[in-house]
Protein chains: 2
Amino acid sequence: MTGTKIPHGHPRAKSLRIREELIEHYNNGIVTDAGLIAHGRGEAFDYILGENTNKPALNAIKVAAAALLTAKKPVISVNGNTAALVARETVQLAHAIKAKIEVNLFYRSLERELAIKKLLEGSGASEVLGVGKEASERIPELSSERRRVDPQGILIADVVLVPLEDGDRTEALVKMGKKVIAIDLNPLSRTAQKATITIVDNVVRAMPKLVEIAAKLKNQGMMKCNEILLNFDNQKNLAESKTLIKERLSEIAKTSKHLNIEDEKHEL
Amino acid sequence: MTGTKIPHGHPRAKSLRIREELIEHYNNGIVTDAGLIAHGRGEAFDYILGENTNKPALNAIKVAAAALLTAKKPVISVNGNTAALVARETVQLAHAIKAKIEVNLFYRSLERELAIKKLLEGSGASEVLGVGKEASERIPELSSERRRVDPQGILIADVVLVPLEDGDRTEALVKMGKKVIAIDLNPLSRTAQKATITIVDNVVRAMPKLVEIAAKLKNQGMMKCNEILLNFDNQKNLAESKTLIKERLSEIAKTSKHLNIEDEKHEL
């Protein structure tokens, strides 16, 4: 239900505004109904995580920035929810790290692809790959429409940033020898397990942070980037995110505090 | 994206079919976009819980059946998602326990109310309260449209079953001296904390189970029901659900198994 006024000072104002944005882009064909449901799943994990960018997330963002800055052919893969929520930050990041932007969708239609391309261009993108016939190549081992890639983009990329990804494709890209950076609120997902670098955070917080840190790191040079990459252990970092979730649940359960998820659920 | 064929043997076939049903009822105006997102949140908690009716849930269902059978004026409150997912079971339960059915929505419109009424009648309901002008009374202390109730239903009920409820209304109904039975997948929610009896389970599993157990208990008489009610401690039962969540997370984290949520997420 768009157009509802969100009261000032509402405890869930931020989360409700993000949702409004998503629904707006649902109505213009960028987001799918499966995308709305997936957003809800993300919300649940974000609540449990405390809705902030925690230490392991920040660490992974720094490593991701280093991987993108040292990449030869970095590509940012964009789907419907990513375009709806962080189109501007996606373009900023592409500029900062000199990456290409490619549209990649499970439910492909030329209309959707063009709507996403238009949104990205409106946010300042000069080039958007993977639209229409440009997505002429196939990733091996994938059966869904997500296998379709641009020969100028993901196919030849060495590092791929895949916000809000599916596990199948992450695994396939890693098997092709690419470094995959995933942004996923569920540290237990297959995407999170299979990615080279996993950022367990909300894409709405992680992307601007990634832009900011990439700009800083760029000034510190490639030696610094390589050092950061060498010292990173994704499994160890993921284990920290899992521990945080367990601690949060214990804390909430102990103090009888509640997760205010139902402050939104009343909108059914 | 409705109409997509779900492959036989797909690990998430059941969950995908439930989603299809929800989206079908989204397209006919029964479910709202906020309802789709809320469903996603539920999915996340259901994954964590293991997608089955566990011991504390079963216990709460038994107690709920006893409370409904011993009630003088039981009412089942129905919103969009409940109608979409368990219309048939709602009517079966109403028959088994001689309860009234009342439509109660956050986003009220006569169209939506009538669509839900029609769906319930198509599932065998002979009477559906709370539609249009019939919802002429107000629950005190509530500002949302959910305060509107039927003077023949929730207003005078002693026990109210509220599947997929919001915390505000649960609290208000309890303050009015009613027993509130909630079905909520998040044991940490305010609804879960404030309800008299909290069933931490998926409504799709809990409702048919409730119908089945109510039918059995009915044959065992009111003494048995009262005994069950006397021996129940909702906070203790809720604590068991919370412990289960923590154990599941520990187990998943330890064995490096993953939650297959992304098997659905690829549909973005």
# chains A, B, ... in the order shown; residues from 1 in each chain; ligands from 1
>>> residues_around(residues="stretch 234-244 of chain A", least_positions_apart="6", cutoff="7 Å", atoms="only C-alpha atoms", output="MDAnalysis selection string")
(chainID A and resid 56 187 196:198) or (chainID B and resid 253)
>>> write_last_selection(atoms="C-alpha atoms", output="mmCIF file, in the first residue's frame")
data_model
loop_
_atom_site.group_PDB
_atom_site.id
_atom_site.type_symbol
_atom_site.label_atom_id
_atom_site.label_comp_id
_atom_site.auth_asym_id
_atom_site.auth_seq_id
_atom_site.Cartn_x
_atom_site.Cartn_y
_atom_site.Cartn_z
ATOM 1 C CA PRO A 56 32.406 -8.736 10.598
ATOM 2 C CA PRO A 187 24.992 -15.878 7.051
ATOM 3 C CA THR A 196 34.711 -15.697 -1.851
ATOM 4 C CA ILE A 197 33.859 -12.664 0.262
ATOM 5 C CA THR A 198 30.547 -12.520 2.127
ATOM 6 C CA ALA B 253 26.453 -23.151 12.118
#
>>> select_by_dssp(residues="stretch 55-144 of chain B", states="strand (DSSP E or B)", output="list of chain:residue names")
B:Pro74, B:Val75, B:Ile76, B:Ser77, B:Val78, B:Lys100, B:Ile101, B:Glu102, B:Val103, B:Leu129, B:Glu137, B:Arg138
>>> closest_residue(among="A:Gly130, A:Gly167, A:Gly153, A:Gly29", to="chain B", atoms="only C-alpha atoms")
A:Gly167
>>> closest_residue(among="B:Ala206, B:Ile61, B:Val159, B:Ile30", to="chain A", atoms="only C-alpha atoms")
B:Ile30
>>> select_by_dssp(residues="stretch 104-260 of chain B", states="alpha helix (DSSP H)", output="ChimeraX atom specification")
/B:110-122,167-175,190-194,203-230,234-255
>>> atom_distance(atom1="atom CA of A:Val180", atom2="atom CA of A:Ala195")
5.3 Å
>>> residues_around(residues="A:Arg148", least_positions_apart="2", cutoff="7 Å", atoms="only C-alpha atoms", output="PDB file with N, CA, C and O atoms, in the first residue's frame")
ATOM      1  N   ALA A 135      23.076 -10.212 -23.709  1.00  0.00           N
ATOM      2  CA  ALA A 135      23.332 -11.323 -22.782  1.00  0.00           C
ATOM      3  C   ALA A 135      23.363 -12.622 -23.579  1.00  0.00           C
ATOM      4  O   ALA A 135      22.533 -13.516 -23.404  1.00  0.00           O
ATOM      5  N   SER A 136      24.336 -12.734 -24.472  1.00  0.00           N
ATOM      6  CA  SER A 136      24.330 -13.812 -25.462  1.00  0.00           C
ATOM      7  C   SER A 136      25.085 -15.058 -25.013  1.00  0.00           C
ATOM      8  O   SER A 136      24.981 -16.101 -25.634  1.00  0.00           O
ATOM      9  N   GLU A 137      25.836 -14.961 -23.923  1.00  0.00           N
ATOM     10  CA  GLU A 137      26.604 -16.125 -23.473  1.00  0.00           C
ATOM     11  C   GLU A 137      25.922 -16.822 -22.305  1.00  0.00           C
ATOM     12  O   GLU A 137      24.986 -16.296 -21.707  1.00  0.00           O
ATOM     13  N   ARG A 138      26.405 -18.049 -22.011  1.00  0.00           N
ATOM     14  CA  ARG A 138      25.802 -18.844 -20.944  1.00  0.00           C
ATOM     15  C   ARG A 138      26.850 -19.254 -19.914  1.00  0.00           C
ATOM     16  O   ARG A 138      27.951 -19.659 -20.294  1.00  0.00           O
ATOM     17  N   ILE A 139      26.492 -19.167 -18.636  1.00  0.00           N
ATOM     18  CA  ILE A 139      27.351 -19.731 -17.590  1.00  0.00           C
ATOM     19  C   ILE A 139      27.093 -21.235 -17.563  1.00  0.00           C
ATOM     20  O   ILE A 139      25.936 -21.654 -17.518  1.00  0.00           O
ATOM     21  N   GLU A 145      17.429 -18.657 -15.987  1.00  0.00           N
ATOM     22  CA  GLU A 145      17.734 -17.520 -16.856  1.00  0.00           C
ATOM     23  C   GLU A 145      18.916 -16.694 -16.330  1.00  0.00           C
ATOM     24  O   GLU A 145      19.465 -15.855 -17.049  1.00  0.00           O
ATOM     25  N   ARG A 146      19.295 -16.958 -15.111  1.00  0.00           N
ATOM     26  CA  ARG A 146      20.429 -16.224 -14.543  1.00  0.00           C
ATOM     27  C   ARG A 146      21.743 -16.632 -15.205  1.00  0.00           C
ATOM     28  O   ARG A 146      22.756 -15.988 -15.038  1.00  0.00           O
TER      29      ARG A 146
END
>>> residues_around(residues="stretch 110-115 of chain A", least_positions_apart="2", cutoff="9 Å", atoms="only C-alpha atoms", output="list in words")
Asn28, Gly29, Ile30, Val31, Gly80, Val103, Asn104, Leu105, Tyr107, Arg108, Lys117, Lys118, Leu119, Leu120, Gly130, Val131 and Gly132 of chain A
>>> residues_around(residues="A:Val75", least_positions_apart="5", cutoff="9 Å", atoms="only C-alpha atoms", output="tab-separated table (two decimals) with N, CA and C atoms, in the first residue's frame")
chain	number	residue	atom	x	y	z
A	68	LEU	N	37.87	-5.44	-5.28
A	68	LEU	CA	37.35	-4.71	-6.45
A	68	LEU	C	38.40	-3.76	-7.02
A	94	ALA	N	30.57	1.79	-9.23
A	94	ALA	CA	31.12	1.47	-10.56
A	94	ALA	C	32.13	2.54	-10.98
A	98	LYS	N	35.97	1.65	-11.23
A	98	LYS	CA	36.00	1.42	-12.67
A	98	LYS	C	35.46	0.03	-13.04
A	99	ALA	N	34.27	-0.27	-12.54
A	99	ALA	CA	33.64	-1.56	-12.83
A	99	ALA	C	32.54	-1.40	-13.87
A	100	LYS	N	32.22	-2.49	-14.55
A	100	LYS	CA	31.07	-2.48	-15.44
A	100	LYS	C	29.82	-2.88	-14.64
A	101	ILE	N	28.68	-2.49	-15.16
A	101	ILE	CA	27.41	-2.85	-14.52
A	101	ILE	C	26.65	-3.76	-15.48
A	102	GLU	N	26.17	-4.89	-14.96
A	102	GLU	CA	25.44	-5.82	-15.83
A	102	GLU	C	24.12	-6.23	-15.19
A	153	GLY	N	31.00	-8.62	-20.11
A	153	GLY	CA	30.86	-8.35	-18.68
A	153	GLY	C	31.21	-9.55	-17.82
A	154	ILE	N	30.16	-10.17	-17.20
A	154	ILE	CA	30.38	-11.25	-16.23
A	154	ILE	C	31.21	-12.38	-16.83
A	157	ALA	N	34.79	-11.42	-16.49
A	157	ALA	CA	35.15	-10.73	-15.25
A	157	ALA	C	36.06	-11.60	-14.38
A	158	ASP	N	36.93	-10.96	-13.60
A	158	ASP	CA	37.69	-11.72	-12.60
A	158	ASP	C	37.09	-11.57	-11.20
A	159	VAL	N	36.42	-10.44	-10.96
A	159	VAL	CA	35.73	-10.24	-9.68
A	159	VAL	C	34.30	-9.78	-9.97
A	160	VAL	N	33.33	-10.47	-9.36
A	160	VAL	CA	31.93	-10.11	-9.58
A	160	VAL	C	31.27	-9.79	-8.24
A	161	LEU	N	30.69	-8.61	-8.15
A	161	LEU	CA	29.91	-8.26	-6.95
A	161	LEU	C	28.46	-8.63	-7.22
A	162	VAL	N	27.92	-9.50	-6.39
A	162	VAL	CA	26.55	-9.96	-6.61
A	162	VAL	C	25.70	-9.69	-5.38
>>> closest_residue(among="B:Glu51, B:Glu141, B:Glu247, B:Asp201", to="chain A", atoms="only C-alpha atoms")
B:Glu247
>>> closest_residue(among="B:His39, B:Arg88, B:Lys179, B:Lys218", to="B:Pro74", atoms="only C-alpha atoms")
B:Lys179
>>> closest_residue(among="A:Ala34, A:Ile156, A:Ile228, A:Leu16", to="chain B", atoms="only C-alpha atoms")
A:Ala34
>>> atom_distance(atom1="atom CA of B:Asn186", atom2="atom CA of B:Phe45")
6.2 Å
>>> atom_distance(atom1="atom CA of A:Asp184", atom2="atom CA of A:Pro163")
7.0 Å
>>> closest_residue(among="A:Leu85, A:Leu188, A:Leu210, A:Ile181", to="chain B", atoms="only C-alpha atoms")
A:Leu188
